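Here is the file protein_8.tsv (TSV, C-alpha atoms and all ligand atoms).
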chain	number	residue	atom	x	y	z
A	25	MET	CA	0.00	0.00	0.00
A	26	PRO	CA	1.41	3.49	-0.79
A	27	GLU	CA	2.26	5.62	2.21
A	28	MET	CA	-0.54	7.63	3.81
A	29	THR	CA	-0.21	11.38	3.21
A	30	VAL	CA	-2.13	14.19	4.88
A	31	THR	CA	-2.59	17.45	2.91
A	32	PRO	CA	-4.35	20.39	4.61
A	33	LEU	CA	-7.33	21.78	2.67
A	34	HIS	CA	-7.95	25.03	4.57
A	35	PRO	CA	-5.84	27.10	7.02
A	36	SER	CA	-8.14	26.27	9.96
A	37	LEU	CA	-9.31	22.69	9.40
A	38	GLY	CA	-9.74	19.87	6.93
A	39	ALA	CA	-7.17	17.58	5.31
A	40	GLU	CA	-7.16	15.25	2.35
A	41	ILE	CA	-5.84	11.77	3.02
A	42	SER	CA	-4.24	9.89	0.17
A	43	GLY	CA	-2.67	6.46	0.05
A	44	VAL	CA	-5.53	4.83	2.02
A	45	ASP	CA	-8.09	2.57	0.32
A	46	LEU	CA	-11.05	2.31	2.71
A	47	GLY	CA	-12.33	-0.63	0.65
A	48	LYS	CA	-9.52	-2.82	2.02
A	49	PRO	CA	-8.93	-3.85	5.64
A	50	LEU	CA	-6.99	-1.19	7.59
A	51	ASP	CA	-4.13	-2.25	9.86
A	52	ASP	CA	-3.92	-0.97	13.44
A	53	ALA	CA	-1.15	1.54	12.69
A	54	THR	CA	-3.22	3.13	9.87
A	55	SER	CA	-6.37	3.25	12.03
A	56	GLU	CA	-4.41	4.92	14.81
A	57	ALA	CA	-2.84	7.44	12.41
A	58	LEU	CA	-6.31	8.27	11.01
A	59	SER	CA	-7.74	8.83	14.50
A	60	ARG	CA	-4.89	11.19	15.32
A	61	ALA	CA	-5.26	13.00	11.98
A	62	LEU	CA	-8.98	13.48	12.67
A	63	ALA	CA	-8.31	14.96	16.14
A	64	GLU	CA	-5.76	17.33	14.61
A	65	HIS	CA	-7.50	18.37	11.35
A	66	LEU	CA	-11.17	17.83	12.39
A	67	ALA	CA	-12.36	16.91	8.88
A	68	LEU	CA	-10.76	14.28	6.65
A	69	VAL	CA	-11.45	13.76	2.95
A	70	PHE	CA	-10.77	10.51	1.08
A	71	ARG	CA	-11.27	10.69	-2.71
A	72	GLN	CA	-12.33	8.07	-5.24
A	73	GLN	CA	-13.45	5.41	-2.79
A	74	SER	CA	-15.53	2.46	-3.93
A	75	LEU	CA	-17.32	0.88	-0.98
A	76	THR	CA	-19.94	-1.76	-0.30
A	77	PRO	CA	-22.05	-1.22	2.83
A	78	GLU	CA	-20.06	-3.98	4.59
A	79	ARG	CA	-16.67	-2.46	3.72
A	80	TYR	CA	-17.86	1.04	4.61
A	81	LEU	CA	-18.97	-0.15	8.06
A	82	ALA	CA	-15.66	-1.99	8.57
A	83	ALA	CA	-13.62	1.11	7.60
A	84	ALA	CA	-15.68	3.34	9.92
A	85	THR	CA	-14.53	1.32	12.95
A	86	ALA	CA	-11.11	3.01	12.58
A	87	PHE	CA	-12.85	6.00	14.23
A	88	GLY	CA	-15.09	4.15	16.70
A	89	PRO	CA	-17.94	1.64	16.87
A	90	PRO	CA	-20.86	2.47	14.52
A	91	MET	CA	-23.93	3.48	16.53
A	92	ARG	CA	-27.61	3.36	15.62
A	93	GLN	CA	-29.06	6.59	14.16
A	94	HIS	CA	-32.32	7.76	15.60
A	95	TYR	CA	-34.37	8.57	12.50
A	96	SER	CA	-34.71	4.87	11.82
A	97	GLN	CA	-37.08	5.44	8.88
A	98	HIS	CA	-33.98	6.57	6.90
A	99	ASN	CA	-31.68	3.70	7.85
A	100	MET	CA	-30.65	1.18	5.19
A	101	PRO	CA	-32.96	-1.81	5.68
A	102	ASP	CA	-30.23	-4.49	5.48
A	103	HIS	CA	-27.57	-2.33	7.15
A	104	PRO	CA	-29.37	-0.28	9.81
A	105	ASP	CA	-26.13	1.40	11.02
A	106	ILE	CA	-26.00	3.27	7.68
A	107	GLY	CA	-28.43	6.17	7.33
A	108	LEU	CA	-29.43	7.48	3.91
A	109	VAL	CA	-29.21	11.23	3.43
A	110	TRP	CA	-31.55	11.66	0.48
A	111	HIS	CA	-34.18	14.35	-0.20
A	112	ARG	CA	-36.38	11.81	-2.03
A	113	ASN	CA	-36.86	10.16	1.38
A	114	GLY	CA	-38.74	13.31	2.38
A	115	GLN	CA	-35.71	14.73	4.19
A	116	ARG	CA	-34.78	18.38	4.01
A	117	PRO	CA	-31.06	19.24	3.93
A	118	ALA	CA	-29.87	20.11	7.47
A	119	GLU	CA	-28.96	23.70	6.68
A	120	MET	CA	-28.63	24.94	10.26
A	121	TRP	CA	-25.22	24.67	11.94
A	122	HIS	CA	-25.16	21.70	14.33
A	123	THR	CA	-23.22	18.70	15.59
A	124	ASP	CA	-24.92	15.29	15.42
A	125	HIS	CA	-26.97	13.31	17.96
A	126	THR	CA	-26.27	15.45	21.06
A	127	ASN	CA	-29.32	13.81	22.67
A	128	ARG	CA	-27.26	10.67	23.32
A	129	GLU	CA	-25.40	9.97	26.54
A	130	LEU	CA	-22.39	8.92	24.44
A	131	PRO	CA	-22.77	11.13	21.36
A	132	PRO	CA	-20.80	10.39	18.21
A	133	ALA	CA	-17.05	11.02	18.01
A	134	ALA	CA	-17.43	11.33	14.26
A	135	THR	CA	-19.94	11.52	11.43
A	136	ILE	CA	-18.84	9.82	8.24
A	137	LEU	CA	-20.44	10.62	4.87
A	138	TYR	CA	-19.91	8.74	1.61
A	139	GLY	CA	-20.92	10.46	-1.63
A	140	VAL	CA	-22.89	7.91	-3.66
A	141	GLU	CA	-24.87	10.22	-5.97
A	142	ILE	CA	-23.84	13.86	-6.30
A	143	PRO	CA	-25.71	16.68	-8.10
A	144	SER	CA	-23.85	18.54	-10.86
A	145	ALA	CA	-23.74	21.78	-8.82
A	146	GLY	CA	-24.29	22.83	-5.18
A	147	GLY	CA	-25.27	20.48	-2.34
A	148	GLY	CA	-21.96	20.87	-0.49
A	149	THR	CA	-21.28	20.33	3.22
A	150	SER	CA	-19.60	22.97	5.37
A	151	VAL	CA	-17.67	22.21	8.56
A	152	ALA	CA	-16.69	24.84	11.15
A	153	ASN	CA	-13.82	24.54	13.63
A	154	MET	CA	-15.45	25.04	17.06
A	155	ARG	CA	-12.07	24.72	18.78
A	156	ALA	CA	-10.96	27.86	16.93
A	157	ALA	CA	-14.38	29.45	17.60
A	158	TYR	CA	-13.89	28.93	21.34
A	159	ALA	CA	-10.32	30.25	21.27
A	160	ALA	CA	-11.47	33.42	19.47
A	161	LEU	CA	-14.01	34.37	22.16
A	162	PRO	CA	-13.04	36.95	24.78
A	163	GLU	CA	-11.65	35.37	27.97
A	164	GLU	CA	-14.65	36.53	30.00
A	165	GLU	CA	-17.11	34.91	27.63
A	166	ARG	CA	-15.12	31.65	27.57
A	167	ARG	CA	-15.37	31.50	31.39
A	168	ARG	CA	-19.12	32.17	31.19
A	169	LEU	CA	-19.67	29.38	28.62
A	170	ASP	CA	-17.45	26.97	30.61
A	171	ALA	CA	-20.05	27.08	33.40
A	172	LEU	CA	-23.09	26.31	31.18
A	173	ARG	CA	-24.79	23.00	30.50
A	174	THR	CA	-27.37	22.16	27.83
A	175	VAL	CA	-30.40	19.88	28.20
A	176	ASN	CA	-30.72	17.85	24.98
A	177	SER	CA	-33.51	15.80	23.45
A	178	LEU	CA	-34.63	14.47	20.08
A	179	ASP	CA	-35.91	17.36	17.95
A	180	GLY	CA	-38.00	15.09	15.74
A	181	HIS	CA	-39.83	15.51	12.47
A	182	LYS	CA	-43.39	14.64	11.53
A	183	ASP	CA	-42.29	11.18	10.33
A	184	THR	CA	-40.26	10.36	13.49
A	185	ARG	CA	-41.31	6.90	14.67
A	186	PRO	CA	-42.84	6.49	18.16
A	187	GLU	CA	-40.21	3.85	19.04
A	188	ASP	CA	-37.42	6.35	18.25
A	189	TRP	CA	-39.04	8.96	20.52
A	190	GLU	CA	-39.24	6.26	23.17
A	191	LYS	CA	-35.58	5.21	22.85
A	192	PHE	CA	-33.91	8.56	22.16
A	193	GLY	CA	-36.24	11.26	23.50
A	194	LYS	CA	-35.24	11.42	27.16
A	195	PRO	CA	-33.33	14.54	28.27
A	196	ILE	CA	-29.52	14.29	28.38
A	197	ILE	CA	-27.30	16.96	29.90
A	198	HIS	CA	-23.97	17.94	28.35
A	199	PRO	CA	-21.42	20.68	29.05
A	200	MET	CA	-21.56	23.59	26.59
A	201	VAL	CA	-17.77	23.49	26.31
A	202	ARG	CA	-16.04	20.12	26.02
A	203	THR	CA	-12.45	18.97	26.15
A	204	HIS	CA	-11.36	16.83	23.21
A	205	PRO	CA	-10.38	13.39	24.55
A	206	VAL	CA	-7.50	12.97	22.05
A	207	HIS	CA	-6.37	16.53	21.38
A	208	GLY	CA	-6.94	17.99	24.86
A	209	SER	CA	-8.28	21.31	23.49
A	210	ARG	CA	-11.66	22.88	24.32
A	211	ALA	CA	-14.50	23.49	21.86
A	212	VAL	CA	-18.01	24.95	21.99
A	213	TYR	CA	-20.49	22.06	21.82
A	214	PHE	CA	-24.25	22.25	21.24
A	215	HIS	CA	-27.05	21.46	18.80
A	216	ILE	CA	-29.41	24.43	18.61
A	217	THR	CA	-32.61	22.50	17.86
A	218	LYS	CA	-31.80	19.55	20.14
A	219	THR	CA	-31.20	21.90	23.09
A	220	LEU	CA	-34.42	22.09	25.08
A	221	CYS	CA	-32.76	24.78	27.18
A	222	ILE	CA	-29.53	25.87	28.78
A	223	GLU	CA	-29.79	24.89	32.46
A	224	GLY	CA	-31.32	27.73	34.47
A	225	MET	CA	-32.53	29.61	31.36
A	226	SER	CA	-35.93	29.63	29.62
A	227	PRO	CA	-36.20	27.81	26.26
A	228	GLU	CA	-36.69	31.17	24.50
A	229	ASP	CA	-33.65	32.82	26.11
A	230	SER	CA	-31.60	29.66	25.48
A	231	ARG	CA	-32.46	29.64	21.77
A	232	ALA	CA	-31.63	33.34	21.47
A	233	CYS	CA	-28.31	32.84	23.27
A	234	LEU	CA	-27.31	29.90	21.01
A	235	ALA	CA	-28.39	31.70	17.83
A	236	ASP	CA	-26.35	34.73	18.85
A	237	LEU	CA	-23.32	32.53	19.55
A	238	LEU	CA	-23.56	30.83	16.13
A	239	ASP	CA	-23.88	34.22	14.51
A	240	ARG	CA	-20.76	35.57	16.12
A	241	MET	CA	-18.63	32.41	16.14
A	242	ILE	CA	-18.94	30.90	12.66
A	243	ARG	CA	-16.88	32.83	10.13
A	244	PRO	CA	-15.28	31.89	6.77
A	245	GLU	CA	-11.82	31.83	8.42
A	246	ILE	CA	-12.82	28.77	10.47
A	247	THR	CA	-15.03	27.04	7.87
A	248	TYR	CA	-14.09	24.37	5.34
A	249	HIS	CA	-16.58	23.92	2.50
A	250	HIS	CA	-16.65	20.47	0.96
A	251	ALA	CA	-17.77	20.39	-2.68
A	252	TRP	CA	-18.75	16.76	-3.21
A	253	ARG	CA	-17.46	14.44	-5.91
A	254	LYS	CA	-18.89	10.98	-6.30
A	255	GLY	CA	-16.75	8.53	-4.29
A	256	ASP	CA	-15.68	11.05	-1.63
A	257	VAL	CA	-15.68	10.03	2.03
A	258	LEU	CA	-15.82	12.95	4.47
A	259	VAL	CA	-15.11	12.25	8.14
A	260	ILE	CA	-16.17	15.00	10.55
A	261	ASP	CA	-14.97	15.20	14.17
A	262	ASP	CA	-18.24	15.84	16.05
A	263	ARG	CA	-16.40	16.68	19.28
A	264	ALA	CA	-14.93	19.95	18.03
A	265	THR	CA	-16.84	21.00	14.90
A	266	MET	CA	-20.29	21.93	13.67
A	267	HIS	CA	-21.49	21.25	10.15
A	268	ARG	CA	-24.34	22.08	7.81
A	269	ALA	CA	-25.66	20.96	4.45
A	270	HIS	CA	-26.32	23.30	1.53
A	271	GLY	CA	-29.69	22.90	-0.17
A	272	ASP	CA	-28.60	24.92	-3.22
A	273	TYR	CA	-28.93	22.12	-5.78
A	274	ASP	CA	-31.44	21.08	-8.41
A	275	ARG	CA	-33.96	18.76	-6.73
A	276	SER	CA	-34.58	16.92	-9.97
A	277	GLN	CA	-31.05	15.56	-9.53
A	278	SER	CA	-30.19	13.01	-6.91
A	279	ARG	CA	-27.98	13.67	-3.88
A	280	VAL	CA	-27.39	10.49	-1.90
A	281	LEU	CA	-24.92	10.27	0.98
A	282	TRP	CA	-24.49	7.21	3.15
A	283	ARG	CA	-24.03	8.31	6.75
A	284	ILE	CA	-22.41	6.41	9.61
A	285	ILE	CA	-21.93	7.85	13.09
A	286	VAL	CA	-19.44	6.26	15.49
A	287	GLU	CA	-19.75	6.34	19.26
A	288	GLY	CA	-17.52	8.62	21.30
A	289	ASP	CA	-16.93	9.53	24.95
A	290	ARG	CA	-19.33	11.24	27.33
A	291	PRO	CA	-18.61	14.95	26.78
A	292	ARG	CA	-16.78	16.55	29.69
A	293	LEU	CA	-14.90	19.71	30.48
A	294	ILE	CA	-11.50	19.17	32.05
A	301	FE	FE	-25.58	16.50	10.75
Transcribe the structure of this file into structure tokens.
Amino acid sequence: MPEMTVTPLHPSLGAEISGVDLGKPLDDATSEALSRALAEHLALVFRQQSLTPERYLAAATAFGPPMRQHYSQHNMPDHPDIGLVWHRNGQRPAEMWHTDHTNRELPPAATILYGVEIPSAGGGTSVANMRAAYAALPEEERRRLDALRTVNSLDGHKDTRPEDWEKFGKPIIHPMVRTHPVHGSRAVYFHITKTLCIEGMSPEDSRACLADLLDRMIRPEITYHHAWRKGDVLVIDDRATMHRAHGDYDRSQSRVLWRIIVEGDRPRLI
């Protein structure tokens, strides 16, 4: 196998990995190097991959154990740990900045997306470096956020299944700032629509506070925009980034991404 190389894609985050074929078994040293590269660069891009569901799931374990996604109506019937991101399923692109599945006690370390069908223009995915966002805040505001905790639950859609509400709807509390378990740095961590409230604050004030934070924190200098090509795999570190989809593509074309999330640690501030 050629040697793995890591090429930064943006001054703040994102790196392209070459010399790794995710369709073949990965040895321990490569898996370890990929985990470290993810913690450092926060978004990894692999080009021209050709994966079966089985191989995709096996490759994902380099970053952690695949975990069940809660909108089970979109999971692949024979491979329920792969979710289909596809507007023809009735989904709308997630255009608001967020990190995934914060309503879980052990939320994902990473979200992995595989580009299976890509529209001819638009439909990209943007990823923002929330470690850099935290570092850029004034000292006083960092101390204020360090003390906050969010109460998270499933946000749900009209087609959310009752069994998913049952399994994933109970409130889970997480710190608003979390320490990365591999990198040791701090990042701002929340999902605006999965936050029922910030502890001690009304839902309305909480929403306004989070919206204001997103507004001030997310800037082009800390954002990598991924323009999809068929066969791309994008790995996003959910512990220190937020991401969003772009709905700016022709809906008569297909945009299909296979999504895997892998389990991480319980968020904590050290
Ligand atoms: Fe997401």
Per-residue nearest contacts of chain A to ligand FE 301 (chain A) (7 Å; only C-alpha atoms and all ligand atoms) as a tab-separated table:
residue	atom	partner	partner_atom	distance
A:Ala118	CA	A:FE301	FE	6.5
A:His122	CA	A:FE301	FE	6.3
A:Thr123	CA	A:FE301	FE	5.8
A:Asp124	CA	A:FE301	FE	4.9
A:His267	CA	A:FE301	FE	6.3
A:Arg268	CA	A:FE301	FE	6.4
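Interatomic distance, atom CA of Met266 of chain A against atom CA of His249 of chain A: 11.9 Å.
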Q | Point-to-point distance in Å for atom CA of Thr265 of chain A and atom CA of Thr135 of chain A | A | 10.6 Å
Q: Compile the contact shell of His103 of chain A as a PyMOL selection string: residues with an atom at most 10 Å away, counting only C-alpha atoms, same-chain residues fewer than 4 positions apart removed.
A: chain A and resi 77-78+81+99+107
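Taking atom CA of Arg155 of chain A and atom CA of Ser55 of chain A as the two end points, the separation is 23.2 Å.
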(Q) Could you list, as number ranges by chain, every residue within 10 Å of Gly114 of chain A, counting all atoms listed in the file and ignoring same-chain residues fewer than 4 positions away? (A) A: 98, 109-110, 183
Q.
Neighbouring residues of segment 239-248 of chain A were defined as those with any atom within 9 Å, considering only C-alpha atoms; residues of the same chain fewer than 5 positions away were excluded. Please report them as a list in words.
A.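 That gives Leu33, His34, Pro35, Ser36, Leu37, Gly38, Ala67, Trp121, Thr149, Ser150, Val151, Ala152, Asn153, Met154, Ala156, Ala157, Tyr158, Ala160, Leu161, Leu234 and His267 of chain A.
When only C-alpha atoms are used to compute distances to Ile196 of chain A, the closest of the residues A:Asn127, A:Gln73, A:Thr217, A:Thr184 turns out to be A:Asn127.
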Q.
Using all atoms listed in the file, can you tell me which of A:Leu281, A:Ala39, A:Ala159, A:Ala86 comes closest to Ala61 of chain A?
A.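 Looking at the shortest contact to Ala61 of chain A, the residue is A:Ala39.
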Q.
Need to verify the contact set: Gly146 of chain A, 9 Å, only C-alpha atoms, exclusion of same-chain residues closer than 6 positions in sequence. Can you return it as an MDAnalysis selection string?
A. chainID A and resid 251:252 270:274
